[in-house]
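Here the structure comes first, spelled out in structure tokens, and everything after it is commentary.
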Number of protein chains: 2
Amino acid sequence: MAREKIQIRKIDNTTARQVTFSKRRRGLFKKAEELAILCDAQVGLIIFSSTGKLFEYSSTR
Amino acid sequence: MAREKIQIRKIDNTTARQVTFSKRRRGLFKKAEELAILCDAQVGLIIFSSTGKLFEYSSTR
DNA sequence: CAGCCTATTTATAATTT
DNA sequence: TAAATTATAAATAGGCT
């Protein structure tokens with residue numbers, strides 16, 4: 001999306017991949033929360049990074 | 001986001017809420033898949049609409 | 001490294017068909 | 001009303017600090 005258009009395939013460079021993971025993970029969580037609020041939906045999101053670390057989101061009920 | 005900026009709170013109008021749900025649900029699934037591919041992560045996403053309908057995504061392993 | 005910057009791509013709210 | 005359009009808000013890739 002930004003300075004250059006990218007292809008959707010695994011990012012080879014480890015550092016770049018971790019940076020993108022952090023940025024996009026935050027964006028995904030934000031979008032999940034917005035959907036839950038705007039549309040009164042229940043949303044659960046679980047992510048395991050390539051290093052096995054867990055991240056999760058759930059819209060509270 | 002688009003023609004006008006909106007506030008993130010429950011959309012009162014039922015029809016408008018359903019339209020937004022369909023559009024944003026697709027966007028969220030797309031972003032989830034992109035994160036999984038770009039960053040080699042495992043992602044699971046589960047959504048229950050306000051009418052109780054289930055939608056889910058999982059990055060295949 | 002964790003954040004900031006910003007040009008550009010992408011998502012999407014309102015409108016039109 | 002569902003689908004397409006389009007103007008604009010939002011996300012973000014690469015660079016910099």
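Convention: chains lettered A, B, ... in structure tokens order; per-chain residue numbering from 1; ligands numbered from 1 as shown.
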- So which residues touch segment 2-15 of chain C within 9 Å, counting only C-alpha atoms (C1' of nucleotides), skipping near sequence neighbours fewer than 3 positions away, as a ChimeraX atom specification? /A:1-5 /B:1-6,20,23-24,27 /D:5-6,8-13,15-17
Prev. selection, C-alpha atoms (C1' of nucleotides), output as a compact mmCIF listing (two decimals), in the first residue's frame:
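Ended up saving to part_30.txt:
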# COMPACT_ATOMS: atom_id res chain seq x y z
CA MET A 1 0.00 0.00 0.00
CA ALA A 2 2.12 2.93 0.52
CA ARG A 3 5.34 4.19 -0.92
CA GLU A 4 5.29 1.22 -3.25
CA LYS A 5 2.78 -1.40 -4.14
CA MET B 1 -13.56 6.54 5.76
CA ALA B 2 -14.94 7.59 2.49
CA ARG B 3 -17.40 10.20 1.38
CA GLU B 4 -17.65 11.24 5.00
CA LYS B 5 -15.85 10.43 8.18
CA ILE B 6 -17.96 8.28 10.48
CA THR B 20 -21.53 -2.09 6.29
CA LYS B 23 -18.37 -4.78 3.19
CA ARG B 24 -16.20 -4.62 6.28
CA GLY B 27 -12.21 -6.30 4.10
C1' DT D 5 -19.08 4.03 -8.88
C1' DT D 6 -16.39 7.56 -6.82
C1' DT D 8 -12.50 10.71 0.56
C1' DA D 9 -10.76 8.69 4.93
C1' DA D 10 -7.63 5.33 6.58
C1' DA D 11 -3.80 2.08 6.32
C1' DT D 12 0.71 1.39 5.30
C1' DA D 13 5.79 0.63 2.68
C1' DG D 15 12.79 5.84 4.67
C1' DC D 16 14.56 8.22 8.53
C1' DT D 17 15.68 8.97 13.44
- Query: Among chain A, which ones does DSSP place in strand (DSSP E), written as a ChimeraX atom specification?
  - Reply: /A:42-48,54-58
Emit the selected residues as a compact mmCIF listing (two decimals), in the first residue's frame, including C-alpha atoms.
# COMPACT_ATOMS: atom_id res chain seq x y z
CA GLN A 42 -19.11 -10.69 18.02
CA VAL A 43 -15.57 -11.02 16.77
CA GLY A 44 -12.73 -13.28 17.84
CA LEU A 45 -9.26 -13.08 16.29
CA ILE A 46 -6.26 -15.20 17.11
CA ILE A 47 -2.80 -14.88 15.61
CA PHE A 48 0.35 -16.93 16.04
CA LEU A 54 0.27 -15.54 20.46
CA PHE A 55 -1.83 -12.42 19.92
CA GLU A 56 -5.57 -12.33 20.34
CA TYR A 57 -8.59 -10.05 20.28
CA SER A 58 -12.16 -10.58 21.25
Neighbours of chain A in chain B at 9 Å, counting only C-alpha atoms, as a PDB file with C-alpha atoms, in the first residue's frame:
ATOM      1  CA  GLN B   7     -17.950   7.737  14.220  1.00  0.00           C
ATOM      2  CA  ILE B   8     -17.226   4.260  15.510  1.00  0.00           C
ATOM      3  CA  ARG B   9     -20.469   3.434  17.259  1.00  0.00           C
ATOM      4  CA  LYS B  10     -23.307   1.062  16.507  1.00  0.00           C
ATOM      5  CA  ILE B  11     -25.077   1.914  13.249  1.00  0.00           C
ATOM      6  CA  ASP B  12     -28.719   2.406  14.144  1.00  0.00           C
ATOM      7  CA  ARG B  17     -25.680  -1.781   9.365  1.00  0.00           C
ATOM      8  CA  GLN B  18     -26.065  -4.921   7.275  1.00  0.00           C
ATOM      9  CA  THR B  20     -21.531  -2.087   6.292  1.00  0.00           C
ATOM     10  CA  PHE B  21     -21.226  -5.530   7.895  1.00  0.00           C
ATOM     11  CA  ARG B  24     -16.200  -4.617   6.283  1.00  0.00           C
ATOM     12  CA  ARG B  25     -16.345  -8.344   6.911  1.00  0.00           C
ATOM     13  CA  GLY B  27     -12.209  -6.296   4.098  1.00  0.00           C
ATOM     14  CA  LEU B  28     -11.294  -7.859   7.420  1.00  0.00           C
ATOM     15  CA  LYS B  31      -6.478  -8.203   5.656  1.00  0.00           C
ATOM     16  CA  ALA B  32      -6.300 -11.362   7.769  1.00  0.00           C
ATOM     17  CA  GLU B  34      -2.624 -10.813   3.725  1.00  0.00           C
ATOM     18  CA  LEU B  35      -1.107 -10.803   7.204  1.00  0.00           C
ATOM     19  CA  ALA B  36      -0.906 -14.592   7.198  1.00  0.00           C
ATOM     20  CA  ILE B  37       0.833 -14.693   3.824  1.00  0.00           C
ATOM     21  CA  LEU B  38       3.140 -11.695   4.167  1.00  0.00           C
ATOM     22  CA  CYS B  39       4.303 -12.552   7.661  1.00  0.00           C
ATOM     23  CA  ASP B  40       4.008 -16.343   7.608  1.00  0.00           C
ATOM     24  CA  ALA B  41       1.599 -16.233  10.533  1.00  0.00           C
ATOM     25  CA  GLN B  42      -1.301 -18.433  11.528  1.00  0.00           C
ATOM     26  CA  VAL B  43      -4.545 -16.507  11.718  1.00  0.00           C
ATOM     27  CA  GLY B  44      -8.010 -17.517  12.855  1.00  0.00           C
ATOM     28  CA  LEU B  45     -10.981 -15.178  12.679  1.00  0.00           C
ATOM     29  CA  ILE B  46     -14.526 -15.880  13.757  1.00  0.00           C
ATOM     30  CA  ILE B  47     -17.477 -13.525  13.471  1.00  0.00           C
ATOM     31  CA  PHE B  48     -21.068 -13.802  14.609  1.00  0.00           C
ATOM     32  CA  SER B  49     -23.335 -11.217  13.041  1.00  0.00           C
ATOM     33  CA  SER B  50     -25.928  -9.481  15.165  1.00  0.00           C
ATOM     34  CA  THR B  51     -28.442 -11.935  13.706  1.00  0.00           C
ATOM     35  CA  GLY B  52     -26.352 -14.857  14.915  1.00  0.00           C
TER      36      GLY B  52
END
- Message: Using DSSP secondary structure from the backbone, list all helix (DSSP H, G or I) positions within chain A, as a ChimeraX atom specification.
- Response: /A:14-39
